[in-house]
$ cat start.txt   # compact mmCIF, C-alpha atoms
# COMPACT_ATOMS: atom_id res chain seq x y z
CA MET A 1 -30.86 11.92 17.11
CA SER A 2 -27.26 11.95 15.98
CA THR A 3 -24.29 12.63 18.19
CA THR A 4 -21.14 14.34 17.02
CA VAL A 5 -17.68 13.89 18.50
CA LYS A 6 -14.68 15.99 17.49
CA ARG A 7 -11.15 15.12 18.31
CA GLY A 8 -7.68 15.78 16.95
CA TRP A 9 -6.54 13.47 14.20
CA ARG A 10 -3.32 12.86 12.38
CA ARG A 11 -3.30 10.75 9.30
CA ARG A 12 -3.87 7.03 9.60
CA ALA A 13 -0.76 5.13 8.76
CA ALA A 14 0.46 6.23 5.35
CA LEU A 15 -2.61 8.47 4.79
CA THR A 16 -4.02 8.40 1.33
CA ALA A 17 -1.06 9.01 -0.96
CA ALA A 18 -1.48 10.07 -4.54
CA ILE A 19 -2.80 7.03 -6.37
CA ALA A 20 -0.59 5.72 -9.16
CA THR A 21 -1.88 6.77 -12.54
CA VAL A 22 -2.82 4.28 -15.22
CA ALA A 23 -0.40 3.60 -18.03
CA ALA A 24 -2.78 4.79 -20.74
CA ALA A 25 -4.69 7.87 -19.62
CA THR A 26 -8.25 8.34 -20.75
CA THR A 27 -10.29 11.49 -20.94
CA MET A 28 -13.98 11.41 -20.18
CA GLY A 29 -16.64 13.67 -18.83
CA ALA A 30 -18.24 12.78 -15.53
CA ALA A 31 -21.08 10.34 -16.07
CA SER A 32 -24.50 11.10 -14.69
CA ALA A 33 -25.82 9.34 -11.59
CA SER A 34 -28.48 7.68 -13.68
CA ALA A 35 -25.82 6.26 -15.98
CA ALA A 36 -24.22 4.43 -13.05
CA SER A 37 -27.50 3.00 -11.81
CA GLY A 38 -28.36 1.96 -15.34
CA GLN A 39 -25.69 -0.73 -15.22
CA GLY A 40 -28.02 -3.03 -13.32
CA GLY A 41 -27.50 -1.75 -9.78
CA ALA A 42 -24.26 -2.91 -8.24
CA PRO A 43 -21.19 -2.12 -10.38
CA GLY A 44 -19.66 -5.44 -11.38
CA THR A 45 -16.96 -4.29 -13.79
CA GLU A 46 -14.22 -1.67 -13.89
CA GLN A 47 -16.22 0.47 -16.30
CA GLU A 48 -19.31 0.32 -14.11
CA ILE A 49 -17.60 1.18 -10.81
CA VAL A 50 -15.71 4.06 -12.42
CA ALA A 51 -19.03 5.30 -13.82
CA ALA A 52 -20.57 5.02 -10.35
CA LEU A 53 -17.85 7.19 -8.86
CA THR A 54 -17.71 9.78 -11.64
CA GLY A 55 -21.50 9.97 -11.55
CA LEU A 56 -21.22 11.47 -8.06
CA LEU A 57 -18.90 14.28 -9.16
CA PRO A 58 -20.10 17.73 -10.27
CA GLU A 59 -21.43 17.83 -13.83
CA GLY A 60 -18.73 18.62 -16.36
CA THR A 61 -15.83 17.39 -14.22
CA GLU A 62 -12.99 16.32 -16.50
CA ILE A 63 -11.51 12.91 -15.71
CA THR A 64 -7.99 12.39 -17.03
CA ASP A 65 -7.23 9.00 -15.43
CA ALA A 66 -9.57 6.35 -14.10
CA TYR A 67 -9.35 2.72 -13.05
CA GLY A 68 -10.84 0.22 -10.63
CA GLN A 69 -12.41 -3.20 -10.24
CA GLY A 70 -16.01 -4.21 -9.67
CA TYR A 71 -17.40 -7.01 -7.53
CA LEU A 72 -17.25 -9.46 -10.44
CA ASP A 73 -13.50 -8.78 -10.66
CA SER A 74 -12.68 -9.00 -6.97
CA GLU A 75 -14.04 -9.29 -3.46
CA TYR A 76 -12.32 -5.96 -2.84
CA PRO A 77 -13.86 -3.48 -5.31
CA PHE A 78 -12.57 0.06 -5.68
CA ALA A 79 -12.43 2.96 -8.13
CA ALA A 80 -10.00 5.85 -8.47
CA VAL A 81 -10.03 8.89 -10.72
CA GLU A 82 -7.91 11.95 -11.41
CA ALA A 83 -10.31 14.88 -11.69
CA GLY A 84 -9.54 18.32 -13.12
CA ASP A 85 -9.61 21.02 -10.45
CA SER A 86 -9.39 24.78 -9.89
CA THR A 87 -5.58 24.84 -10.10
CA GLY A 88 -5.48 23.54 -13.66
CA GLY A 89 -4.12 20.28 -12.29
CA THR A 90 -5.91 17.25 -10.92
CA THR A 91 -7.28 15.97 -7.64
CA THR A 92 -7.27 12.27 -6.76
CA ILE A 93 -10.63 10.85 -5.68
CA ASP A 94 -11.10 7.20 -4.80
CA VAL A 95 -13.66 4.92 -3.21
CA THR A 96 -13.22 1.51 -1.59
CA VAL A 97 -16.05 -0.78 -0.49
CA SER A 98 -15.12 -3.50 1.97
CA ARG A 99 -16.45 -6.06 4.43
CA SER A 100 -14.82 -7.31 7.60
CA ALA A 101 -15.25 -10.17 10.04
CA GLY A 102 -15.44 -9.59 13.76
CA ASP A 103 -16.84 -6.64 15.70
CA TRP A 104 -17.00 -3.73 13.27
CA THR A 105 -17.13 -1.16 16.08
CA GLU A 106 -13.62 -2.05 17.22
CA TRP A 107 -11.98 -0.03 14.44
CA ALA A 108 -14.85 2.23 13.35
CA GLY A 109 -14.87 5.99 13.69
CA CYS A 110 -12.18 8.61 14.00
CA PRO A 111 -8.72 7.31 14.81
CA ASP A 112 -7.17 8.75 17.95
CA ASN A 113 -3.70 9.38 16.60
CA GLY A 114 -2.07 12.50 17.96
CA ASP A 115 -3.51 15.90 18.75
CA GLY A 116 -3.55 17.26 15.19
CA THR A 117 -2.04 20.61 16.24
CA GLY A 118 0.53 20.88 13.48
CA GLU A 119 3.37 18.84 14.99
CA ASP A 120 5.71 17.60 12.25
CA GLY A 121 3.78 19.69 9.70
CA PHE A 122 0.37 18.08 10.24
CA VAL A 123 -2.85 19.94 10.97
CA ALA A 124 -5.85 17.64 11.19
CA ASP A 125 -9.32 17.18 12.62
CA CYS A 126 -12.00 14.51 12.55
CA THR A 127 -15.76 14.72 12.99
CA GLU A 128 -17.58 11.52 13.94
CA THR A 129 -21.39 11.26 13.69
CA GLU A 130 -23.64 8.38 14.68
CA LEU A 131 -26.51 8.14 12.20
CA SER A 132 -30.07 7.25 13.10
CA ASP A 133 -29.66 3.71 11.71
CA GLY A 134 -26.63 3.03 13.91
CA ARG A 135 -23.97 3.50 11.25
CA LEU A 136 -21.00 5.76 11.92
CA LEU A 137 -19.99 8.59 9.58
CA SER A 138 -16.46 9.94 10.02
CA VAL A 139 -15.12 12.96 8.14
CA ASN A 140 -11.38 13.47 8.46
CA THR A 141 -9.69 16.60 7.16
CA TRP A 142 -5.96 17.09 7.14
CA GLU A 143 -3.20 19.27 5.77
CA TYR A 144 0.51 18.55 5.73
CA GLU A 145 3.14 21.14 4.94
CA THR A 146 6.90 21.02 5.43
CA ASP A 147 9.79 23.03 4.03
CA GLY A 148 12.00 19.94 4.04
CA SER A 149 14.36 21.26 6.70
CA GLY A 150 13.22 19.00 9.54
CA GLU A 151 15.06 15.94 10.83
CA GLY A 152 14.90 13.09 8.35
CA GLU A 153 13.54 15.31 5.54
CA ASP A 154 15.04 14.97 2.08
CA GLY A 155 15.40 18.73 1.64
CA GLU A 156 12.38 19.11 -0.60
CA PRO A 157 9.28 21.05 0.49
CA PHE A 158 5.96 19.22 0.43
CA HIS A 159 2.40 20.44 0.82
CA ALA A 160 -0.79 18.37 0.54
CA ILE A 161 -4.39 18.54 1.68
CA GLY A 162 -6.99 15.80 1.90
CA TRP A 163 -10.35 14.55 3.10
CA ASP A 164 -11.07 10.98 4.22
CA VAL A 165 -14.66 9.90 4.78
CA TRP A 166 -15.79 6.57 6.25
CA LEU A 167 -19.31 5.17 6.44
CA GLU A 168 -19.20 2.12 8.70
CA GLY A 169 -21.87 -0.16 10.06
CA PRO A 170 -23.03 -3.70 10.82
CA GLY A 171 -23.17 -6.41 8.20
CA SER A 172 -25.88 -8.40 6.54
CA ALA A 173 -28.74 -9.70 8.66
CA GLU A 174 -28.39 -13.00 6.80
CA PHE A 175 -25.13 -13.78 8.60
CA GLU A 176 -25.12 -14.96 12.20
CA SER A 177 -21.68 -13.71 13.17
CA GLU A 178 -20.76 -10.08 13.78
CA THR A 179 -19.47 -8.54 10.57
CA GLY A 180 -18.91 -5.01 9.32
CA ARG A 181 -19.48 -3.05 6.13
CA SER A 182 -17.49 0.01 5.15
CA VAL A 183 -17.45 2.60 2.38
CA TYR A 184 -14.31 4.76 2.26
CA LEU A 185 -14.11 7.89 0.11
CA SER A 186 -10.94 9.94 -0.20
CA GLN A 187 -10.04 13.23 -1.87
CA TYR A 188 -6.35 14.15 -2.09
CA LYS A 189 -4.53 17.13 -3.57
CA GLU A 190 -0.81 17.81 -3.62
CA LEU A 191 -0.26 21.58 -3.42
CA THR A 192 3.54 21.65 -3.54
CA GLY A 193 4.59 24.65 -5.62
CA SER A 194 1.03 25.91 -6.11
CA ALA A 195 -0.84 28.88 -4.66
CA GLY A 196 -1.71 26.97 -1.50
CA ALA A 197 -4.71 25.59 0.32
CA ASP A 198 -6.56 28.91 0.56
CA ALA A 199 -6.64 29.28 -3.22
CA TYR A 200 -7.59 25.65 -3.87
CA VAL A 201 -11.24 24.80 -4.46
CA PRO A 202 -11.83 21.05 -3.87
CA VAL A 203 -13.75 19.10 -6.47
CA LEU A 204 -16.14 17.94 -3.73
CA ASP A 205 -16.86 20.06 -0.68
CA GLU A 206 -17.46 18.41 2.68
CA GLN A 207 -21.23 18.18 2.20
CA GLN A 208 -20.81 16.59 -1.23
CA LEU A 209 -18.31 14.11 0.19
CA THR A 210 -20.72 12.96 2.88
CA GLU A 211 -23.52 12.64 0.32
CA ALA A 212 -21.29 10.69 -2.06
CA VAL A 213 -20.17 8.17 0.57
CA GLN A 214 -23.83 7.53 1.45
CA ALA A 215 -24.94 7.03 -2.17
CA PRO A 216 -27.23 3.97 -2.56
CA VAL A 217 -24.95 2.44 -5.20
CA TRP A 218 -22.35 1.51 -2.55
CA GLN A 219 -24.93 -0.29 -0.43
CA GLU A 220 -26.05 -2.16 -3.55
CA LEU A 221 -22.41 -3.10 -4.09
CA LEU A 222 -22.10 -4.40 -0.53
CA ALA A 223 -25.23 -6.50 -0.99
CA ALA A 224 -23.79 -7.88 -4.23
CA LEU A 225 -20.57 -8.82 -2.43
CA ASP A 226 -22.59 -10.71 0.19
CA ALA A 227 -24.49 -12.58 -2.52
CA GLU A 228 -21.39 -13.33 -4.61
CA TYR A 229 -18.87 -14.24 -1.91
CA GLY A 230 -20.88 -15.16 1.19
CA GLU A 231 -20.00 -14.18 4.72
CA PRO A 232 -16.65 -12.39 5.07
CA ALA A 233 -14.09 -14.65 6.69
CA GLU A 234 -11.59 -13.78 9.38
CA GLU A 235 -8.11 -13.65 7.88
CA GLU A 236 -5.92 -16.40 9.24
CA TRP A 237 -2.20 -15.84 9.46
CA GLU A 238 -0.18 -19.00 9.77
CA GLU A 239 3.26 -18.89 11.31
CA ASP A 240 6.01 -19.38 8.76
CA SER A 241 7.13 -23.00 8.59
CA ALA A 242 10.76 -21.84 8.76
CA GLN A 243 12.22 -20.10 11.81
CA ILE A 244 15.73 -19.03 10.82
CA PRO A 245 17.56 -16.87 13.40
CA ALA A 246 18.68 -13.50 12.05
CA ALA A 247 22.24 -14.25 13.15
CA GLU A 248 22.34 -17.27 10.82
CA LEU A 249 21.22 -15.15 7.88
CA ARG A 250 23.83 -12.50 8.64
CA ASP A 251 26.61 -15.09 8.97
CA ALA A 252 25.63 -16.73 5.69
CA PHE A 253 25.69 -13.41 3.86
CA ARG A 254 29.00 -12.37 5.40
CA ALA A 255 30.60 -15.64 4.22
CA LEU A 256 29.36 -15.01 0.66
CA ALA A 257 30.14 -11.29 0.38
CA PRO A 258 32.83 -10.42 -2.18
CA GLU A 259 36.29 -9.30 -1.07
CA GLY A 260 36.52 -5.61 -0.29
CA ILE A 261 33.01 -5.40 1.14
CA GLU A 262 32.82 -4.53 4.83
CA VAL A 263 29.71 -6.04 6.45
CA THR A 264 28.25 -4.66 9.70
CA ASP A 265 25.30 -6.11 11.61
CA VAL A 266 22.16 -4.08 12.20
CA ASP A 267 20.55 -5.62 15.27
CA HIS A 268 16.78 -5.63 15.76
CA GLY A 269 16.55 -8.02 18.70
CA ALA A 270 17.51 -11.54 19.70
CA ASP A 271 14.12 -13.00 18.75
CA GLU A 272 14.22 -11.85 15.13
CA VAL A 273 13.69 -14.70 12.65
CA ASN A 274 13.55 -15.01 8.87
CA SER A 275 14.81 -11.47 8.30
CA ALA A 276 17.98 -9.54 8.96
CA GLU A 277 19.56 -6.22 8.11
CA LEU A 278 23.18 -5.41 7.42
CA LEU A 279 25.29 -2.46 6.32
CA THR A 280 27.59 -3.05 3.38
CA ASP A 281 30.44 -0.67 2.55
CA ASP A 282 33.00 -0.77 -0.23
CA GLY A 283 34.80 2.31 1.09
CA LYS A 284 32.56 4.74 -0.78
CA GLY A 285 29.73 4.88 1.74
CA ALA A 286 27.55 2.43 3.63
CA ALA A 287 24.32 0.99 2.22
CA LEU A 288 21.49 -0.85 3.95
CA LEU A 289 20.87 -4.45 2.91
CA SER A 290 17.97 -6.63 4.04
CA ILE A 291 17.57 -10.41 3.86
CA SER A 292 14.18 -12.14 3.98
CA ALA A 293 13.57 -15.89 3.95
CA TRP A 294 10.40 -17.97 4.11
CA GLY A 295 9.68 -21.65 4.43
CA PRO A 296 7.79 -24.10 2.21
CA TRP A 297 4.08 -23.66 1.73
CA ASP A 298 1.29 -25.69 0.21
CA ALA A 299 0.79 -24.27 -3.28
CA SER A 300 -2.06 -26.64 -4.17
CA GLY A 301 -4.87 -24.71 -5.76
CA GLU A 302 -2.70 -21.61 -6.13
CA GLU A 303 -1.60 -20.03 -9.37
CA GLY A 304 1.90 -21.24 -10.13
CA PHE A 305 4.97 -19.21 -10.94
CA GLU A 306 4.94 -20.34 -14.54
CA ASP A 307 1.38 -19.08 -15.01
CA VAL A 308 2.19 -15.52 -14.02
CA GLU A 309 3.13 -13.33 -16.97
CA ASP A 310 5.09 -10.80 -14.89
CA ILE A 311 6.52 -12.04 -11.61
CA GLU A 312 7.66 -8.55 -10.71
CA SER A 313 4.68 -6.31 -11.48
CA PHE A 314 6.91 -3.29 -10.87
CA ASP A 315 8.59 -3.91 -14.22
CA ASP A 316 5.96 -2.06 -16.26
CA GLY A 317 8.25 -0.09 -18.56
CA GLU A 318 7.34 3.21 -16.91
CA SER A 319 8.22 2.87 -13.24
CA GLY A 320 11.99 2.88 -13.83
CA VAL A 321 12.29 -0.68 -12.50
CA GLU A 322 13.99 -3.27 -14.68
CA CYS A 323 13.68 -7.00 -13.94
CA ALA A 324 15.08 -10.16 -15.47
CA ASP A 325 13.52 -13.54 -14.66
CA SER A 326 15.07 -16.95 -15.23
CA VAL A 327 14.72 -20.60 -14.19
CA LEU A 328 17.69 -22.26 -12.53
CA GLU A 329 18.92 -25.83 -13.09
CA ASP A 330 17.27 -27.08 -9.88
CA GLY A 331 13.90 -25.67 -10.93
CA ALA A 332 14.08 -22.59 -8.73
CA GLU A 333 13.10 -19.27 -10.26
CA LEU A 334 15.28 -16.19 -10.02
CA SER A 335 14.12 -12.61 -10.35
CA VAL A 336 16.74 -9.86 -10.46
CA CYS A 337 15.58 -6.24 -10.38
CA SER A 338 17.00 -2.74 -10.15
CA ALA A 339 15.48 0.69 -9.67
CA ALA A 340 18.21 3.23 -10.21
CA PRO A 341 18.06 6.67 -8.59
CA THR A 342 16.69 9.56 -10.63
CA ASP A 343 16.74 13.35 -10.34
CA GLU A 344 13.23 13.17 -8.88
CA ASP A 345 13.96 10.26 -6.53
CA PRO A 346 17.56 9.81 -5.31
CA VAL A 347 16.79 6.48 -3.59
CA GLY A 348 17.87 3.38 -5.50
CA LEU A 349 16.93 -0.27 -4.95
CA TRP A 350 18.55 -3.46 -6.17
CA TRP A 351 17.26 -6.93 -5.30
CA ALA A 352 17.43 -10.62 -6.12
CA THR A 353 14.72 -13.10 -5.20
CA VAL A 354 14.86 -16.88 -5.48
CA TYR A 355 11.64 -18.93 -5.42
CA TYR A 356 12.27 -22.62 -4.70
CA PRO A 357 9.96 -25.34 -6.10
CA ASP A 358 8.58 -26.18 -2.62
CA GLY A 359 7.35 -22.60 -2.14
CA SER A 360 10.20 -21.43 0.08
CA GLY A 361 12.45 -18.59 -0.96
CA ILE A 362 15.08 -15.98 -0.21
CA ASP A 363 15.16 -12.28 -1.03
CA ILE A 364 18.16 -9.95 -0.74
CA THR A 365 17.47 -6.25 -1.22
CA GLN A 366 19.95 -3.39 -1.12
CA THR A 367 19.37 0.35 -1.18
CA ASN A 368 21.75 3.29 -1.38
CA LEU A 369 20.58 4.51 2.03
CA ALA A 370 22.67 4.01 5.15
CA ASP A 371 19.46 4.32 7.20
CA TRP A 372 15.83 5.33 6.70
CA GLU A 373 16.22 8.73 8.35
CA ASN A 374 18.71 10.44 6.04
CA ALA A 375 19.15 11.06 2.34
CA PRO A 376 21.47 8.84 0.23
CA VAL A 377 25.17 9.66 0.29
CA ARG A 378 25.83 7.89 -3.02
CA ALA A 379 24.03 7.17 -6.28
CA ASP A 380 25.06 3.52 -6.49
CA ALA A 381 25.49 0.74 -3.91
CA PRO A 382 28.40 -1.49 -2.87
CA LEU A 383 26.86 -4.53 -4.60
CA THR A 384 25.30 -4.67 -8.04
CA ALA A 385 22.08 -6.55 -8.79
CA ASP A 386 24.12 -9.28 -10.48
CA GLN A 387 26.30 -9.67 -7.40
CA LEU A 388 23.18 -9.92 -5.25
CA ALA A 389 21.90 -12.62 -7.62
CA GLU A 390 25.14 -14.59 -7.31
CA ILE A 391 24.83 -14.49 -3.51
CA ALA A 392 21.10 -15.31 -3.49
CA THR A 393 21.53 -18.38 -5.71
CA ASP A 394 24.11 -19.98 -3.46
CA GLY A 395 22.95 -23.29 -1.99
CA VAL A 396 23.54 -22.14 1.59
CA TRP A 397 20.13 -20.45 1.72
CA ALA A 398 18.18 -23.57 0.75
CA ASP A 399 20.20 -25.51 3.33
CA LEU A 400 19.35 -22.96 6.03
CA ILE A 401 15.66 -23.06 5.19
CA ALA A 402 15.65 -26.87 5.30
CA GLN A 403 17.57 -26.89 8.60
CA TYR A 404 15.15 -24.53 10.35
CA THR A 405 11.86 -25.68 8.83
CA VAL A 406 9.56 -27.05 11.51

$ encode --input "start.txt" --output "structure tokens"
Amino acid sequence: MSTTVKRGWRRRAALTAAIATVAAATTMGAASASAASGQGGAPGTEQEIVAALTGLLPEGTEITDAYGQGYLDSEYPFAAVEAGDSTGGTTTIDVTVSRSAGDWTEWAGCPDNGDGTGEDGFVADCTETELSDGRLLSVNTWEYETDGSGEGEDGEPFHAIGWDVWLEGPGSAEFESETGRSVYLSQYKELTGSAGADAYVPVLDEQQLTEAVQAPVWQELLAALDAEYGEPAEEEWEEDSAQIPAAELRDAFRALAPEGIEVTDVDHGADEVNSAELLTDDGKGAALLSISAWGPWDASGEEGFEDVEDIESFDDGESGVECADSVLEDGAELSVCSAAPTDEDPVGLWWATVYYPDGSGIDITQTNLADWENAPVRADAPLTADQLAEIATDGVWADLIAQYTV
């Protein structure tokens, strides 16, 4: 006997945003379910996990973009596709299969996050069902629509609709500790400028979504993860070896700022360490600047800086981000990046990051926003990326890290 609980739901933090498309789009018809299972059960490669997902879509569905990673690629397999829909555009559908340590029931089921009545443009609802085998099936539906006139809006209307489905349950009987297994399936459609939600026909209806998340292939994938990687481990977060007061970071930046730049503190509390925010103003409008520092870490067994082809993965030639990497005389590595505003996105970012040989580092990032609630008042920023790099490479930062490393 299953039990069903309904309660209001607003999106989990950040929802499921439109997944970034692959650089080289591919076009393929949806594979059949038998094609996915013909890969030897659990999908181990990108091609196999994409086939597993597309095999659960209606026959003839056109896939314009697809990517993912199987269990042989990562302990965190996923697949995402852009599927042709009734609007002539595409709908984003993705699946993630994951394992967790600890009591899986602690986070399972519908999130209790607001009343879902349309406040701030959200209308949402969640249905939670306990299956006969003890697993929990949660189906979350949401719609978000705003005309862009509310506080903090950028003036642009936005309309999206989505479905989020979780299948969550206990882990492998082979493991003594309490562990969890989860399959997450999402369907997302941005409707901005289109006919609206009433005219949109989703690629998968709610029944098809619940069937897809319970497909045997995902349980085979979970079993393969257990066999390949063993029991999931609890993530351990170690306190940073450096504990630099925010006031020290602000003072160091203020002493290095060029003439003509007014620097104002942005206070986030007396206990803040290793990060600080400031406002910089050259007389043409204030801009928010953040400083982050971290202490040395043991890099033994880790992939080194010199082995990474692209330190800043954002610099892909298509994202609008440009980066320049160099090695300094003391062996530290410097990465200087900029993401200039565009007509589509008026927010700009400029940053400089220094990676010291002992694993410590400093990052200084500036945006053309005076705060995170309002639109930019200028297209540039008081400091250029090169000026940020000159400040970030000053020896004062390494001295501060050494002074406050415990």

$ closest_residue --input "start.txt" --among "A:Phe122, A:Phe253, A:Trp297, A:Trp104" --to "Gly169 (chain A)" --atoms "only C-alpha atoms"
A:Trp104

$ atom_distance --input "start.txt" --atom1 "CA of Thr405 (chain A)" --atom2 "CA of Asp386 (chain A)"
28.1 Å

$ residues_around --input "start.txt" --residues "region 135-143 of chain A" --least-positions-apart "3" --cutoff "7 Å" --atoms "all atoms listed in the file" --output "PDB file with C-alpha atoms, in the coordinates of the input"
ATOM      1  CA  GLY A 109     -14.870   5.990  13.690  1.00  0.00           C
ATOM      2  CA  CYS A 110     -12.180   8.610  14.000  1.00  0.00           C
ATOM      3  CA  PHE A 122       0.370  18.080  10.240  1.00  0.00           C
ATOM      4  CA  VAL A 123      -2.850  19.940  10.970  1.00  0.00           C
ATOM      5  CA  ALA A 124      -5.850  17.640  11.190  1.00  0.00           C
ATOM      6  CA  ASP A 125      -9.320  17.180  12.620  1.00  0.00           C
ATOM      7  CA  CYS A 126     -12.000  14.510  12.550  1.00  0.00           C
ATOM      8  CA  THR A 127     -15.760  14.720  12.990  1.00  0.00           C
ATOM      9  CA  GLU A 128     -17.580  11.520  13.940  1.00  0.00           C
ATOM     10  CA  THR A 129     -21.390  11.260  13.690  1.00  0.00           C
ATOM     11  CA  GLU A 130     -23.640   8.380  14.680  1.00  0.00           C
ATOM     12  CA  LEU A 131     -26.510   8.140  12.200  1.00  0.00           C
ATOM     13  CA  ALA A 160      -0.790  18.370   0.540  1.00  0.00           C
ATOM     14  CA  ILE A 161      -4.390  18.540   1.680  1.00  0.00           C
ATOM     15  CA  GLY A 162      -6.990  15.800   1.900  1.00  0.00           C
ATOM     16  CA  TRP A 163     -10.350  14.550   3.100  1.00  0.00           C
ATOM     17  CA  ASP A 164     -11.070  10.980   4.220  1.00  0.00           C
ATOM     18  CA  VAL A 165     -14.660   9.900   4.780  1.00  0.00           C
ATOM     19  CA  TRP A 166     -15.790   6.570   6.250  1.00  0.00           C
ATOM     20  CA  LEU A 167     -19.310   5.170   6.440  1.00  0.00           C
ATOM     21  CA  GLU A 168     -19.200   2.120   8.700  1.00  0.00           C
ATOM     22  CA  GLY A 169     -21.870  -0.160  10.060  1.00  0.00           C
TER      23      GLY A 169
END

$ residues_around --input "start.txt" --residues "Trp372 (chain A)" --least-positions-apart "2" --cutoff "9 Å" --atoms "all atoms listed in the file" --output "PyMOL selection string"
chain A and resi 152+288+369-370+374-375

$ atom_distance --input "start.txt" --atom1 "CA of Gly320 (chain A)" --atom2 "CA of Leu349 (chain A)"
10.6 Å

$ atom_distance --input "start.txt" --atom1 "CA of Thr61 (chain A)" --atom2 "CA of Gln214 (chain A)"
20.2 Å

$ residues_around --input "start.txt" --residues "Arg181 (chain A)" --least-positions-apart "5" --cutoff "10 Å" --atoms "all atoms listed in the file" --output "list in words"
Val97, Ser98, Arg99, Ser100, Ala101, Trp104, Arg135, Leu167, Glu168, Gly169, Pro170, Gly171, Ser172, Gln219, Leu222, Ala223 and Pro232 of chain A

$ write_last_selection --input "start.txt" --atoms "C-alpha atoms" --output "compact mmCIF listing (two decimals), in the frame of the given file"
# COMPACT_ATOMS: atom_id res chain seq x y z
CA VAL A 97 -16.05 -0.78 -0.49
CA SER A 98 -15.12 -3.50 1.97
CA ARG A 99 -16.45 -6.06 4.43
CA SER A 100 -14.82 -7.31 7.60
CA ALA A 101 -15.25 -10.17 10.04
CA TRP A 104 -17.00 -3.73 13.27
CA ARG A 135 -23.97 3.50 11.25
CA LEU A 167 -19.31 5.17 6.44
CA GLU A 168 -19.20 2.12 8.70
CA GLY A 169 -21.87 -0.16 10.06
CA PRO A 170 -23.03 -3.70 10.82
CA GLY A 171 -23.17 -6.41 8.20
CA SER A 172 -25.88 -8.40 6.54
CA GLN A 219 -24.93 -0.29 -0.43
CA LEU A 222 -22.10 -4.40 -0.53
CA ALA A 223 -25.23 -6.50 -0.99
CA PRO A 232 -16.65 -12.39 5.07

$ residues_around --input "start.txt" --residues "region 363-368 of chain A" --least-positions-apart "3" --cutoff "7 Å" --atoms "only C-alpha atoms" --output "PyMOL selection string"
chain A and resi 287-293+347-354+376+378-381+388+392

$ closest_residue --input "start.txt" --among "A:Glu390, A:Asp267, A:Asp226, A:Asp73" --to "Ile49 (chain A)" --atoms "only C-alpha atoms"
A:Asp73

$ closest_residue --input "start.txt" --among "A:Leu221, A:Val203, A:Leu191, A:Leu383" --to "Glu62 (chain A)" --atoms "all atoms listed in the file"
A:Val203

$ residues_near_point --input "start.txt" --point "(-22.7, 1.2, -2.8)" --cutoff "10 Å" --atoms "all atoms listed in the file" --output "list in words"
Gly41, Ala42, Pro43, Ile49, Ala52, Leu53, Val95, Thr96, Val97, Ser182, Val183, Ala212, Val213, Gln214, Ala215, Pro216, Val217, Trp218, Gln219, Glu220, Leu221, Leu222, Ala223 and Ala224 of chain A

$ residues_near_point --input "start.txt" --point "(14.2, -20.7, 7.8)" --cutoff "8 Å" --atoms "all atoms listed in the file" --output "list in words"
Ser241, Ala242, Gln243, Ile244, Pro245, Val273, Asn274, Ala293, Trp294, Gly295, Leu400, Ile401, Ala402, Gln403, Tyr404 and Thr405 of chain A

$ closest_residue --input "start.txt" --among "A:Ala83, A:Ala389, A:Ala332, A:Val377" --to "Asp281 (chain A)" --atoms "only C-alpha atoms"
A:Val377

$ closest_residue --input "start.txt" --among "A:Thr92, A:Thr264, A:Asp103, A:Gly84" --to "Ser177 (chain A)" --atoms "all atoms listed in the file"
A:Asp103

$ axis_aligned_box --input "start.txt" --around "region 249-253 of chain A" --padding-each-side "5 Å" --output "lines of an AutoDock Vina configuration file"
center_x = 23.9
center_y = -14.6
center_z = 6.4
size_x = 15.4
size_y = 14.2
size_z = 15.1
